[in-house]
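Shown below: coords-v4.cif, with mmCIF, C-alpha atoms.
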data_protein
loop_
_atom_site.label_atom_id
_atom_site.label_comp_id
_atom_site.auth_asym_id
_atom_site.auth_seq_id
_atom_site.Cartn_x
_atom_site.Cartn_y
_atom_site.Cartn_z
CA MET A 8 6.53 -57.58 -59.20
CA GLU A 9 6.89 -53.96 -60.17
CA VAL A 10 4.18 -51.37 -60.74
CA LEU A 11 4.84 -47.91 -62.13
CA LEU A 12 2.92 -45.41 -60.03
CA ASP A 13 1.93 -43.10 -62.86
CA SER A 14 -1.30 -41.72 -61.40
CA ASN A 15 -2.46 -40.30 -58.09
CA LYS A 16 -4.87 -43.19 -57.67
CA LYS A 17 -2.05 -45.71 -57.96
CA VAL A 18 0.05 -43.76 -55.46
CA GLN A 19 -2.89 -43.73 -53.05
CA ARG A 20 -3.44 -47.46 -53.47
CA ALA A 21 0.29 -48.11 -52.99
CA LEU A 22 0.15 -46.04 -49.80
CA ASN A 23 -2.76 -48.14 -48.53
CA ILE A 24 -0.83 -51.34 -49.23
CA PHE A 25 2.26 -49.89 -47.57
CA PHE A 26 0.19 -48.87 -44.53
CA ALA A 27 -1.03 -52.47 -44.15
CA HIS A 28 2.59 -53.67 -44.20
CA CYS A 29 3.56 -51.05 -41.62
CA LYS A 30 0.87 -52.38 -39.29
CA GLN A 31 2.12 -55.96 -39.75
CA PHE A 32 5.72 -54.89 -39.25
CA LEU A 33 5.04 -52.94 -36.04
CA SER A 34 2.86 -55.72 -34.60
CA SER A 35 5.59 -58.26 -35.33
CA GLN A 36 7.99 -56.05 -33.38
CA GLY A 37 5.80 -56.32 -30.29
CA TYR A 38 4.10 -52.94 -30.49
CA VAL A 39 0.42 -52.49 -29.69
CA ILE A 40 -0.77 -50.36 -32.56
CA PHE A 41 -3.60 -47.91 -33.04
CA PRO A 42 -3.88 -47.12 -36.76
CA HIS A 43 -5.48 -43.79 -37.61
CA ARG A 44 -7.70 -42.84 -40.53
CA ASP A 45 -5.14 -40.30 -41.75
CA LEU A 46 -2.63 -43.14 -42.23
CA SER A 47 -0.64 -42.41 -39.13
CA ILE A 48 -0.06 -44.98 -36.40
CA LEU A 49 0.35 -44.77 -32.67
CA ALA A 50 2.68 -47.61 -31.70
CA VAL A 51 2.87 -48.37 -27.99
CA LYS A 52 5.81 -50.19 -26.45
CA LYS A 53 6.93 -50.80 -22.86
CA GLY A 54 6.93 -47.43 -21.13
CA GLY A 55 6.76 -45.38 -24.34
CA TYR A 56 5.21 -44.76 -27.70
CA MET A 57 5.93 -43.69 -31.27
CA LEU A 58 3.71 -41.58 -33.44
CA LEU A 59 4.40 -42.47 -37.06
CA GLU A 60 3.16 -41.17 -40.35
CA ALA A 61 3.22 -43.54 -43.31
CA SER A 62 4.53 -41.86 -46.44
CA VAL A 63 5.79 -43.01 -49.82
CA THR A 64 7.29 -39.62 -50.67
CA GLY A 65 9.47 -39.24 -47.61
CA VAL A 66 7.98 -35.95 -46.51
CA LEU A 67 5.96 -35.34 -43.38
CA ASP A 68 2.54 -33.82 -43.84
CA GLU A 69 2.28 -30.10 -43.08
CA PHE A 70 -0.49 -30.96 -40.60
CA TRP A 71 2.01 -32.02 -37.92
CA ARG A 72 3.92 -28.75 -38.08
CA LYS A 73 0.68 -26.77 -37.96
CA ILE A 74 -0.48 -28.48 -34.79
CA GLY A 75 3.00 -28.21 -33.24
CA GLU A 76 3.49 -31.95 -32.91
CA SER A 77 7.20 -32.55 -33.10
CA SER A 78 7.32 -36.14 -31.85
CA VAL A 79 5.89 -37.60 -35.03
CA ARG A 80 8.27 -39.65 -37.15
CA LEU A 81 8.10 -40.97 -40.64
CA ILE A 82 7.69 -44.58 -41.64
CA TYR A 83 8.65 -44.99 -45.28
CA PRO A 84 9.37 -47.86 -47.65
CA PHE A 85 12.98 -48.83 -48.21
CA PHE A 86 13.91 -47.29 -51.56
CA GLU A 87 16.65 -47.04 -54.14
CA LYS A 88 17.15 -44.67 -57.04
CA LYS A 89 17.55 -46.22 -60.49
CA ILE A 90 18.36 -44.86 -63.91
CA ILE A 91 16.12 -46.48 -66.52
CA LYS A 92 16.61 -45.45 -70.15
CA GLY A 93 18.42 -42.33 -69.03
CA GLU A 94 15.66 -41.26 -66.63
CA GLU A 95 15.76 -41.27 -62.87
CA TYR A 96 13.22 -43.44 -61.02
CA VAL A 97 12.77 -44.49 -57.42
CA LYS A 98 11.98 -48.09 -56.59
CA ILE A 99 10.02 -48.27 -53.37
CA TYR A 100 9.83 -51.60 -51.56
CA LEU A 101 6.39 -51.55 -49.96
CA GLU A 102 7.02 -54.65 -47.87
CA LYS A 103 10.06 -53.14 -46.18
CA PRO A 104 9.07 -50.30 -43.87
CA VAL A 105 11.83 -48.16 -42.38
CA ILE A 106 11.35 -45.90 -39.38
CA ALA A 107 13.08 -42.57 -39.87
CA GLY A 108 15.27 -40.90 -37.33
CA ASP A 109 14.86 -37.36 -38.62
CA PRO A 110 11.54 -35.61 -39.23
CA ILE A 111 12.26 -35.11 -42.94
CA VAL A 112 14.36 -37.80 -44.52
CA PHE A 113 14.22 -37.25 -48.24
CA ASP A 114 11.91 -35.86 -50.87
CA LEU A 115 10.69 -38.27 -53.52
CA ALA A 116 7.61 -36.27 -54.43
CA SER A 117 8.97 -35.13 -57.77
CA LEU A 118 10.47 -38.43 -58.95
CA PRO A 119 8.50 -41.15 -60.75
CA LYS A 120 8.04 -44.11 -58.46
CA ILE A 121 7.99 -47.84 -59.07
CA ALA A 122 6.40 -49.98 -56.36
CA VAL A 123 8.12 -53.31 -55.77
CA LEU A 124 6.14 -56.17 -54.19
CA THR A 125 6.18 -59.95 -53.96
CA ASN A 126 2.42 -60.34 -53.59
CA GLU A 127 0.68 -60.55 -56.95
CA LYS A 128 -2.75 -59.65 -55.55
CA GLU A 129 -1.37 -56.48 -54.03
CA ALA A 130 0.40 -55.55 -57.24
CA ASN A 131 -2.82 -56.07 -59.22
CA PHE A 132 -4.73 -53.98 -56.72
CA ILE A 133 -2.32 -51.07 -57.15
CA GLU A 134 -2.44 -51.42 -60.93
CA ARG A 135 -6.19 -51.80 -61.38
CA GLY A 136 -8.00 -51.32 -58.09
CA ARG A 137 -10.88 -53.56 -57.10
CA GLY A 138 -13.82 -51.18 -57.19
CA LYS A 139 -16.17 -50.36 -60.04
CA HIS A 140 -13.29 -50.21 -62.51
CA ALA A 141 -11.84 -53.64 -61.74
CA MET B 16 -35.03 -32.84 -26.45
CA PRO B 17 -35.42 -35.00 -29.61
CA GLU B 18 -35.04 -38.68 -28.88
CA ALA B 19 -34.67 -41.96 -30.73
CA LEU B 20 -35.11 -45.50 -29.49
CA ILE B 21 -32.12 -47.66 -30.37
CA LYS B 22 -33.46 -51.04 -31.43
CA THR B 23 -30.94 -52.42 -33.90
CA LYS B 24 -27.17 -52.69 -34.21
CA VAL B 25 -27.21 -50.36 -37.20
CA GLN B 26 -29.04 -47.73 -35.15
CA ALA B 27 -26.53 -48.19 -32.32
CA ARG B 28 -23.71 -47.68 -34.80
CA LYS B 29 -25.28 -44.47 -36.04
CA ALA B 30 -25.77 -43.26 -32.45
CA ASN B 31 -22.14 -44.11 -31.74
CA GLU B 32 -21.06 -42.10 -34.80
CA ILE B 33 -23.07 -39.08 -33.66
CA PHE B 34 -21.61 -39.40 -30.16
CA ALA B 35 -18.07 -39.64 -31.59
CA ASN B 36 -18.59 -36.35 -33.44
CA TYR B 37 -19.69 -34.62 -30.24
CA LEU B 38 -16.73 -36.11 -28.41
CA ASP B 39 -14.37 -34.89 -31.12
CA GLN B 40 -15.79 -31.37 -30.83
CA TYR B 41 -15.63 -31.49 -27.03
CA LEU B 42 -11.94 -32.42 -27.14
CA LYS B 43 -11.15 -29.85 -29.83
CA ASP B 44 -12.84 -27.14 -27.75
CA GLN B 45 -10.30 -27.92 -25.05
CA GLY B 46 -7.44 -27.38 -27.49
CA TYR B 47 -6.57 -31.01 -28.08
CA VAL B 48 -5.82 -32.61 -31.43
CA CYS B 49 -7.81 -35.75 -32.24
CA LEU B 50 -6.73 -38.55 -34.54
CA TRP B 51 -9.56 -40.93 -35.41
CA HIS B 52 -8.75 -44.62 -35.33
CA LEU B 53 -9.65 -46.95 -38.17
CA HIS B 54 -11.62 -49.06 -35.69
CA GLY B 55 -13.64 -46.82 -33.40
CA GLY B 56 -11.35 -44.91 -31.11
CA ILE B 57 -9.55 -41.61 -30.87
CA THR B 58 -5.96 -40.69 -30.06
CA VAL B 59 -5.86 -37.38 -28.23
CA LEU B 60 -2.64 -35.40 -28.52
CA ARG B 61 -2.12 -33.24 -25.46
CA HIS B 62 0.81 -30.87 -25.62
CA GLY B 63 3.57 -31.83 -23.21
CA LYS B 64 1.78 -34.96 -22.07
CA ARG B 65 1.76 -38.46 -23.49
CA PRO B 66 -1.18 -39.26 -25.79
CA LEU B 67 -4.52 -40.32 -24.42
CA VAL B 68 -6.04 -43.20 -26.34
CA LEU B 69 -9.80 -43.28 -25.99
CA CYS B 70 -12.12 -46.16 -26.71
CA ILE B 71 -15.50 -44.85 -27.83
CA SER B 72 -18.34 -46.95 -26.52
CA LEU B 73 -21.99 -46.22 -25.80
CA LYS B 74 -21.77 -48.78 -22.99
CA GLY B 75 -18.46 -47.49 -21.63
CA ARG B 76 -16.78 -50.82 -22.13
CA MET B 77 -13.53 -51.78 -23.85
CA ALA B 78 -14.40 -54.88 -25.84
CA SER B 79 -11.01 -55.67 -27.35
CA ARG B 80 -8.01 -57.26 -25.61
CA LYS B 81 -5.83 -54.64 -27.24
CA TRP B 82 -6.71 -52.10 -24.55
CA GLU B 83 -5.57 -54.45 -21.84
CA GLU B 84 -2.27 -54.97 -23.63
CA ALA B 85 -1.78 -51.22 -24.09
CA MET B 86 -2.53 -50.68 -20.41
CA LYS B 87 0.09 -53.25 -19.41
CA LEU B 88 2.73 -51.59 -21.58
CA ASP B 89 2.07 -48.26 -19.85
CA GLY B 90 3.35 -46.23 -22.78
CA VAL B 91 0.25 -44.05 -23.20
CA ASP B 92 -2.79 -43.11 -21.12
CA ILE B 93 -5.94 -44.99 -21.96
CA GLY B 94 -9.56 -44.37 -21.21
CA VAL B 95 -13.10 -44.85 -22.39
CA ALA B 96 -15.52 -42.20 -23.62
CA TYR B 97 -19.24 -42.79 -23.19
CA PRO B 98 -22.30 -40.54 -23.17
CA GLU B 99 -23.75 -39.25 -19.93
CA PHE B 100 -26.64 -41.55 -19.02
CA GLU B 101 -29.62 -41.88 -16.72
CA ILE B 102 -31.97 -44.71 -15.97
CA THR B 103 -35.64 -43.92 -16.42
CA ARG B 104 -38.90 -45.83 -16.07
CA VAL B 105 -41.62 -45.67 -18.69
CA ASP B 106 -44.76 -47.77 -18.08
CA ARG B 107 -42.90 -49.84 -15.50
CA LYS B 108 -40.20 -50.65 -18.02
CA ARG B 109 -36.66 -49.41 -17.40
CA TYR B 110 -34.69 -47.60 -20.11
CA VAL B 111 -31.25 -46.03 -20.34
CA ILE B 112 -31.27 -42.49 -21.67
CA LEU B 113 -28.03 -41.60 -23.42
CA HIS B 114 -27.17 -37.92 -23.81
CA LEU B 115 -25.07 -38.19 -26.94
CA ASN B 116 -23.93 -34.57 -26.80
CA LYS B 117 -22.50 -34.95 -23.29
CA PRO B 118 -19.36 -37.07 -23.31
CA VAL B 119 -17.90 -38.55 -20.14
CA ILE B 120 -14.29 -39.70 -20.04
CA LYS B 121 -13.26 -42.41 -17.65
CA MET B 122 -9.54 -42.99 -17.39
CA GLY B 123 -8.01 -46.45 -17.18
CA LEU B 124 -9.23 -49.87 -18.21
CA SER B 125 -12.98 -50.44 -18.31
CA LYS B 126 -13.88 -54.04 -18.98
CA THR B 127 -17.51 -53.91 -17.91
CA PRO B 128 -20.35 -51.64 -19.07
CA VAL B 129 -21.08 -48.59 -16.92
CA TYR B 130 -24.79 -49.52 -16.78
CA ASN B 131 -26.88 -52.63 -17.30
CA ALA B 132 -26.24 -53.11 -21.00
CA HIS B 133 -29.34 -55.27 -21.43
CA LEU B 134 -31.64 -52.32 -20.84
CA PRO B 135 -33.16 -50.72 -23.96
CA LYS B 136 -31.46 -47.48 -24.93
CA ILE B 137 -32.95 -44.13 -25.87
CA ALA B 138 -30.66 -41.58 -27.46
CA TYR B 139 -31.17 -37.90 -26.61
CA VAL B 140 -29.73 -35.48 -29.14
CA PRO B 141 -30.02 -31.70 -29.49
CA ASP B 142 -30.96 -31.86 -33.15
CA SER B 143 -34.13 -33.52 -34.43
CA TYR B 144 -32.31 -34.38 -37.65
CA GLU B 145 -29.86 -36.51 -35.66
CA ALA B 146 -32.73 -38.34 -33.95
CA GLU B 147 -34.22 -39.01 -37.37
CA MET B 148 -30.85 -40.26 -38.62
CA ILE B 149 -30.70 -42.80 -35.80
CA GLU B 150 -34.28 -43.97 -36.29
CA LYS B 151 -33.87 -44.31 -40.03
CA ALA B 152 -30.44 -45.94 -39.88
CA GLY B 153 -30.36 -49.12 -41.89
CA ARG B 154 -33.44 -48.29 -43.95
CA LYS B 155 -33.01 -47.76 -47.62
CA LEU B 156 -33.43 -44.17 -48.64
CA ARG B 157 -35.24 -43.82 -51.95
CA GLY B 158 -34.69 -40.74 -54.00
CA LYS B 159 -33.60 -38.76 -50.99
CA VAL B 160 -29.88 -39.21 -51.25
CA GLU B 161 -28.30 -36.06 -52.48
CA LYS B 162 -25.75 -36.52 -55.20
CA ALA B 163 -22.32 -36.03 -53.71
CA GLY B 164 -19.78 -33.86 -55.46
CA LYS B 165 -17.38 -35.51 -57.90
CA GLN B 166 -14.46 -35.29 -55.50
CA GLU B 167 -16.41 -36.89 -52.67
CA GLU B 168 -17.58 -39.62 -55.04
CA GLU B 169 -14.01 -40.41 -56.07
CA LYS B 170 -12.90 -40.52 -52.44
CA GLN B 171 -15.70 -42.94 -51.57
CA GLU B 172 -14.78 -45.07 -54.54
CA GLU B 173 -11.19 -45.28 -53.34
CA ILE B 174 -12.25 -46.22 -49.81
CA SER B 175 -14.68 -48.85 -51.02
CA GLU B 176 -12.19 -50.48 -53.38
CA TRP B 177 -9.67 -50.62 -50.54
CA ARG B 178 -12.25 -52.23 -48.25
CA ILE B 179 -13.20 -54.78 -50.89
CA PHE B 180 -9.53 -55.61 -51.37
CA GLN B 181 -8.94 -56.02 -47.63
CA ARG B 182 -11.87 -58.41 -47.37
CA SER B 183 -10.74 -60.50 -50.34
#
Let me see the structure of the file written as structure tokens.
Amino acid sequence: MEVLLDSNKKVQRALNIFFAHCKQFLSSQGYVIFPHRDLSILAVKKGGYMLLEASVTGVLDEFWRKIGESSVRLIYPFFEKKIIKGEEYVKIYLEKPVIAGDPIVFDLASLPKIAVLTNEKEANFIERGRGKHA
Amino acid sequence: MPEALIKTKVQARKANEIFANYLDQYLKDQGYVCLWHLHGGITVLRHGKRPLVLCISLKGRMASRKWEEAMKLDGVDIGVAYPEFEITRVDRKRYVILHLNKPVIKMGLSKTPVYNAHLPKIAYVPDSYEAEMIEKAGRKLRGKVEKAGKQEEEKQEEISEWRIFQRS
């Protein structure tokens, strides 16, 4: 299923869905995870840890630079650029988290995004939400 | 000092929330950066050191197995934050007084409460408003709720729709 993320609300909901998949992914890899309210995750492994920020735009939040935290890495959805009717889009696969090696990997902030999912409920949630406006 | 008797779980949750805010301030005053967990804990970033992951508990006990697992992995420091406490006697009955504005940090695993958890708890707070908040926690407020700004309202809406979705 594909959902065009044409509003900030949809992007936020897509980020929430992606964050849930990140947690599942890291747990399945044997990490003990501590998810934070700001959508970052502390993932603990044998003798070490990773501090990850979930992002669908590929850019680390300014916050980390301000506090001088350089160990934080990005966890982003696998993505591919597509030309649809002559316009450039980015398809982001929310069920496929990728851990970045570099602090800033890419910048998708300016490109229209299409979320790709297999779960219908999740797709509907991104499209419509489940609150008052459901 | 204003005080509030903690009788219900909802009141305990409110007291815990007030304590967490004091803990956050206490850690920030020492120059640390705090990241709040989704489920009642704080990650403390300490420059040059590995993170300290704190469980916040009025009883000083880590209830979840997760802490044990994290301890075994030895990738971060773990600890529990609880309020300074004292045992007092009122009319022959024993109570635990919790100073919510005075956090104590105990490093390492803590699987048992730091005091007899069956004793009734009294929260001590510097602000009478906070005591009132604890006492009134869980009661429906009629006509007293201030209307939040539009932005705050939208944010709350987003959070609630996400919670509803997660539960479904």
For this session: Write down, as a VMD selection string, each residue of chain A that has any atom within 9 Å of an atom of chain B, counting all atoms listed in the file.
Result: chain A and resid 16 19 to 20 23 to 24 38 to 49 51 to 56 74 to 76 128 to 129 132 136 to 139 141
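The coordinates place atom CA of Pro104 of chain A at 20.3 Å from atom CA of Asn131 of chain A.
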For this session: Please indicate the distance in Å from atom CA of Val97 of chain A to atom CA of Lys120 of chain A, rounded to one decimal place.
Result: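 Going from atom CA of Val97 of chain A over to atom CA of Lys120 of chain A, I get 4.9 Å.
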For this session: Do a neighbour search on Val129 of chain B at 9 Å with all atoms listed in the file, toss out local chain neighbours closer than 4 positions, and write the hits as a list in words.
Result: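 What passes the distance filter is Lys74, Gly75, Arg76, Tyr97 and Ser125 of chain B.
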For this session: Spell out the residues picked by the PyMOL selection byres ((chain B and resi 136-139) around 7) here, as a PyMOL selection string.
Result: chain B and resi 16-21+110-115+134-135+140-141
Problem set entry | Test item: the PyMOL selection byres ((chain A and resi 67) around 9) resolved as a list in words |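 After applying the PyMOL selection byres ((chain A and resi 67) around 9), what remains is Glu60, Ala61, Ser62, Thr64, Gly65, Val66, Asp68, Glu69, Phe70, Trp71, Arg72, Val79, Arg80, Leu81, Pro110, Ile111 and Val112 of chain A.
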Exercise. Between atom CA of Gln45 of chain B and atom CA of Leu69 of chain B, what is the distance, to one decimal in Å?
Worked result: 15.4 Å
Exercise. Once the PyMOL selection byres ((chain B and resi 33) around 12) has been applied to the shown file, what residues remain in the selection, as a PyMOL selection string?
Worked result: chain B and resi 26-32+34-40+71-73+97-98+113-118+138-142+144-149+152
Would you mind exporting C-alpha atoms of the selected residues as a PDB file, in the coordinates of the input?
ATOM      1  CA  GLN B  26     -29.040 -47.730 -35.150  1.00  0.00           C
ATOM      2  CA  ALA B  27     -26.530 -48.190 -32.320  1.00  0.00           C
ATOM      3  CA  ARG B  28     -23.710 -47.680 -34.800  1.00  0.00           C
ATOM      4  CA  LYS B  29     -25.280 -44.470 -36.040  1.00  0.00           C
ATOM      5  CA  ALA B  30     -25.770 -43.260 -32.450  1.00  0.00           C
ATOM      6  CA  ASN B  31     -22.140 -44.110 -31.740  1.00  0.00           C
ATOM      7  CA  GLU B  32     -21.060 -42.100 -34.800  1.00  0.00           C
ATOM      8  CA  PHE B  34     -21.610 -39.400 -30.160  1.00  0.00           C
ATOM      9  CA  ALA B  35     -18.070 -39.640 -31.590  1.00  0.00           C
ATOM     10  CA  ASN B  36     -18.590 -36.350 -33.440  1.00  0.00           C
ATOM     11  CA  TYR B  37     -19.690 -34.620 -30.240  1.00  0.00           C
ATOM     12  CA  LEU B  38     -16.730 -36.110 -28.410  1.00  0.00           C
ATOM     13  CA  ASP B  39     -14.370 -34.890 -31.120  1.00  0.00           C
ATOM     14  CA  GLN B  40     -15.790 -31.370 -30.830  1.00  0.00           C
ATOM     15  CA  ILE B  71     -15.500 -44.850 -27.830  1.00  0.00           C
ATOM     16  CA  SER B  72     -18.340 -46.950 -26.520  1.00  0.00           C
ATOM     17  CA  LEU B  73     -21.990 -46.220 -25.800  1.00  0.00           C
ATOM     18  CA  TYR B  97     -19.240 -42.790 -23.190  1.00  0.00           C
ATOM     19  CA  PRO B  98     -22.300 -40.540 -23.170  1.00  0.00           C
ATOM     20  CA  LEU B 113     -28.030 -41.600 -23.420  1.00  0.00           C
ATOM     21  CA  HIS B 114     -27.170 -37.920 -23.810  1.00  0.00           C
ATOM     22  CA  LEU B 115     -25.070 -38.190 -26.940  1.00  0.00           C
ATOM     23  CA  ASN B 116     -23.930 -34.570 -26.800  1.00  0.00           C
ATOM     24  CA  LYS B 117     -22.500 -34.950 -23.290  1.00  0.00           C
ATOM     25  CA  PRO B 118     -19.360 -37.070 -23.310  1.00  0.00           C
ATOM     26  CA  ALA B 138     -30.660 -41.580 -27.460  1.00  0.00           C
ATOM     27  CA  TYR B 139     -31.170 -37.900 -26.610  1.00  0.00           C
ATOM     28  CA  VAL B 140     -29.730 -35.480 -29.140  1.00  0.00           C
ATOM     29  CA  PRO B 141     -30.020 -31.700 -29.490  1.00  0.00           C
ATOM     30  CA  ASP B 142     -30.960 -31.860 -33.150  1.00  0.00           C
ATOM     31  CA  TYR B 144     -32.310 -34.380 -37.650  1.00  0.00           C
ATOM     32  CA  GLU B 145     -29.860 -36.510 -35.660  1.00  0.00           C
ATOM     33  CA  ALA B 146     -32.730 -38.340 -33.950  1.00  0.00           C
ATOM     34  CA  GLU B 147     -34.220 -39.010 -37.370  1.00  0.00           C
ATOM     35  CA  MET B 148     -30.850 -40.260 -38.620  1.00  0.00           C
ATOM     36  CA  ILE B 149     -30.700 -42.800 -35.800  1.00  0.00           C
ATOM     37  CA  ALA B 152     -30.440 -45.940 -39.880  1.00  0.00           C
TER      38      ALA B 152
END
Exercise. For Leu58 of chain A, which of A:Thr125, A:Glu94, A:Asn15, A:Ala107 is the closest residue, counting all atoms listed in the file?
Worked result: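 Of all the options, A:Ala107 lies closest to Leu58 of chain A.
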